[in-house]
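Dumped my_file22.tsv below, it's TSV, C-alpha atoms:
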```
chain	number	residue	atom	x	y	z
W	54	MET	CA	12.34	-30.38	-10.45
W	55	ALA	CA	9.06	-29.22	-12.00
W	56	THR	CA	10.78	-26.17	-13.53
W	57	ARG	CA	13.53	-28.37	-14.98
W	58	LEU	CA	16.19	-26.04	-13.59
W	59	ILE	CA	17.59	-29.08	-11.78
W	60	GLU	CA	17.40	-32.33	-13.65
W	61	ARG	CA	18.37	-34.75	-10.88
W	62	ARG	CA	17.52	-34.68	-7.19
W	63	GLU	CA	21.11	-35.75	-6.48
W	64	ASP	CA	22.32	-32.39	-7.81
W	65	ILE	CA	20.73	-30.57	-4.85
W	66	VAL	CA	23.50	-29.79	-2.38
W	67	SER	CA	21.38	-28.26	0.39
W	68	THR	CA	18.03	-26.63	1.05
W	69	TRP	CA	16.86	-23.92	3.41
W	70	GLN	CA	13.41	-22.73	4.42
W	71	TYR	CA	12.31	-19.70	6.37
W	72	ARG	CA	8.80	-18.53	7.13
W	73	ALA	CA	8.76	-14.83	7.94
W	74	GLY	CA	6.02	-13.30	10.00
W	75	TYR	CA	4.02	-10.53	8.43
W	76	GLY	CA	6.29	-7.62	7.69
W	77	TYR	CA	3.59	-5.27	6.47
W	78	PRO	CA	0.04	-4.37	7.43
W	79	THR	CA	-2.61	-6.78	6.24
W	80	PRO	CA	-5.99	-5.12	5.80
W	81	GLY	CA	-8.99	-6.75	7.42
W	82	LEU	CA	-12.71	-6.18	7.71
W	83	GLU	CA	-12.22	-3.51	10.38
W	84	ARG	CA	-9.61	-1.58	8.41
W	85	ASP	CA	-11.72	1.49	7.64
W	86	ALA	CA	-12.90	1.83	11.24
W	87	ALA	CA	-9.32	1.51	12.47
W	88	LEU	CA	-8.09	4.12	9.99
W	89	THR	CA	-10.84	6.50	11.11
W	90	GLU	CA	-9.26	6.48	14.56
W	91	MET	CA	-5.59	6.17	13.63
W	92	LEU	CA	-5.23	8.77	10.88
W	93	PRO	CA	-6.32	11.75	13.01
W	94	PHE	CA	-3.97	10.55	15.76
W	95	PHE	CA	-1.00	10.50	13.36
W	96	GLU	CA	-1.91	13.67	11.53
W	97	ALA	CA	-2.19	15.56	14.83
W	98	ARG	CA	1.51	14.70	15.21
W	99	ASP	CA	2.40	15.78	11.65
W	100	VAL	CA	2.65	12.20	10.38
W	101	HIS	CA	0.72	11.69	7.14
W	102	PRO	CA	0.68	8.00	6.20
W	103	ARG	CA	0.11	7.42	2.51
W	104	GLY	CA	0.93	4.80	-0.08
W	105	ARG	CA	0.75	1.03	-0.10
W	106	PHE	CA	1.95	0.44	3.44
W	107	GLY	CA	0.83	3.75	4.92
W	108	LEU	CA	-2.91	3.49	4.41
W	109	TRP	CA	-3.51	-0.25	3.93
W	110	LYS	CA	-5.82	0.70	1.04
W	111	TYR	CA	-4.71	-1.83	-1.50
W	112	GLU	CA	-7.50	-0.77	-3.84
W	113	VAL	CA	-5.56	2.47	-4.40
W	114	SER	CA	-2.00	1.36	-3.73
W	115	ASN	CA	-0.37	0.55	-7.01
W	116	GLN	CA	2.55	2.74	-8.07
W	117	ASP	CA	0.55	5.53	-9.70
W	118	HIS	CA	-1.98	5.66	-6.85
W	119	SER	CA	0.79	5.77	-4.25
W	120	PHE	CA	2.52	8.57	-6.12
W	121	MET	CA	-0.72	10.59	-6.33
W	122	GLN	CA	-1.38	10.07	-2.63
W	123	GLY	CA	1.96	11.75	-1.96
W	124	VAL	CA	1.26	14.60	-4.39
W	125	GLU	CA	-2.21	15.14	-2.97
W	126	VAL	CA	-1.21	15.19	0.69
W	127	VAL	CA	1.49	17.77	-0.07
W	128	GLU	CA	-1.02	19.84	-2.06
W	129	ARG	CA	-3.43	19.65	0.88
W	130	LEU	CA	-0.82	20.69	3.42
W	131	VAL	CA	0.70	23.47	1.32
W	132	ASN	CA	-2.21	24.74	-0.78
W	133	GLY	CA	-5.36	23.51	0.99
W	134	ARG	CA	-6.45	21.28	-1.91
W	135	ILE	CA	-8.74	18.33	-1.26
W	136	GLU	CA	-7.25	14.83	-1.43
W	137	ILE	CA	-9.01	12.49	-3.85
W	138	THR	CA	-7.14	9.19	-4.06
W	139	ALA	CA	-6.65	8.26	-0.40
W	140	PRO	CA	-10.07	9.08	1.05
W	141	ASP	CA	-12.24	7.77	-1.80
W	142	PRO	CA	-10.88	4.75	-3.71
W	143	ASN	CA	-14.11	4.37	-5.69
W	144	LEU	CA	-13.90	7.93	-6.96
W	145	ALA	CA	-10.18	7.66	-7.64
W	146	ASN	CA	-10.70	4.53	-9.73
W	147	SER	CA	-13.80	5.74	-11.58
W	148	ARG	CA	-12.48	8.70	-13.56
W	149	LYS	CA	-9.47	10.68	-14.73
W	150	HIS	CA	-7.83	12.74	-12.02
W	151	PRO	CA	-9.16	16.31	-12.22
W	152	TRP	CA	-5.80	17.96	-11.70
W	153	PRO	CA	-3.73	18.76	-14.80
```
Before we go any further, please render this structure as structure tokens.
Amino acid sequence: MATRLIERREDIVSTWQYRAGYGYPTPGLERDAALTEMLPFFEARDVHPRGRFGLWKYEVSNQDHSFMQGVEVVERLVNGRIEITAPDPNLANSRKHPWP
């Protein structure tokens, strides 16, 4: 009614509500400590979580950050380069990425 998409309450035929439980990780105060334990566990099994839902690091999880996390982890695995975005959000957000 407030949006004026429906002018009269009588025009509503039916309604439906559904409250979904959390379908993605929600970071908390202990996130960094948890990641310190979990990431080595996964990486020892050749699983390299990155991106918005892989690292829980919402401070570096918009589209360009998530893309760079993927590029950087591949560069680390293939060429031994150091990752920048995932391990240090403050550094990643403070300057231009040093890679061309």
Counting all atoms listed in the file, which residues in region 71-104 of chain W sit no more than 9 Å from region 124-148 of chain W? For each one, give the nearest pair of atoms and the distance in Å, sorted by chain then residue number, as CSV.
```
residue,atom,partner,partner_atom,distance
W:His101,CA,W:Val126,CA,7.6
W:Arg103,CA,W:Ala139,CA,7.4
W:Gly104,CA,W:Ala139,CA,8.3
```
What is the distance, in Å and to one decimal place, between CA of Thr89 (chain W) and CA of Arg105 (chain W)? 17.0 Å
CA of Arg84 (chain W) to CA of Trp109 (chain W), distance in Å rounded to a single decimal: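 One can read the CA of Arg84 (chain W) to CA of Trp109 (chain W) distance as 7.7 Å.
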I'd like to know which of W:Pro151, W:Gly74, W:Gly107, W:Pro80 is closest to Leu92 (chain W), using all atoms listed in the file.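 For Leu92 (chain W), the nearest of the given residues is W:Gly107.
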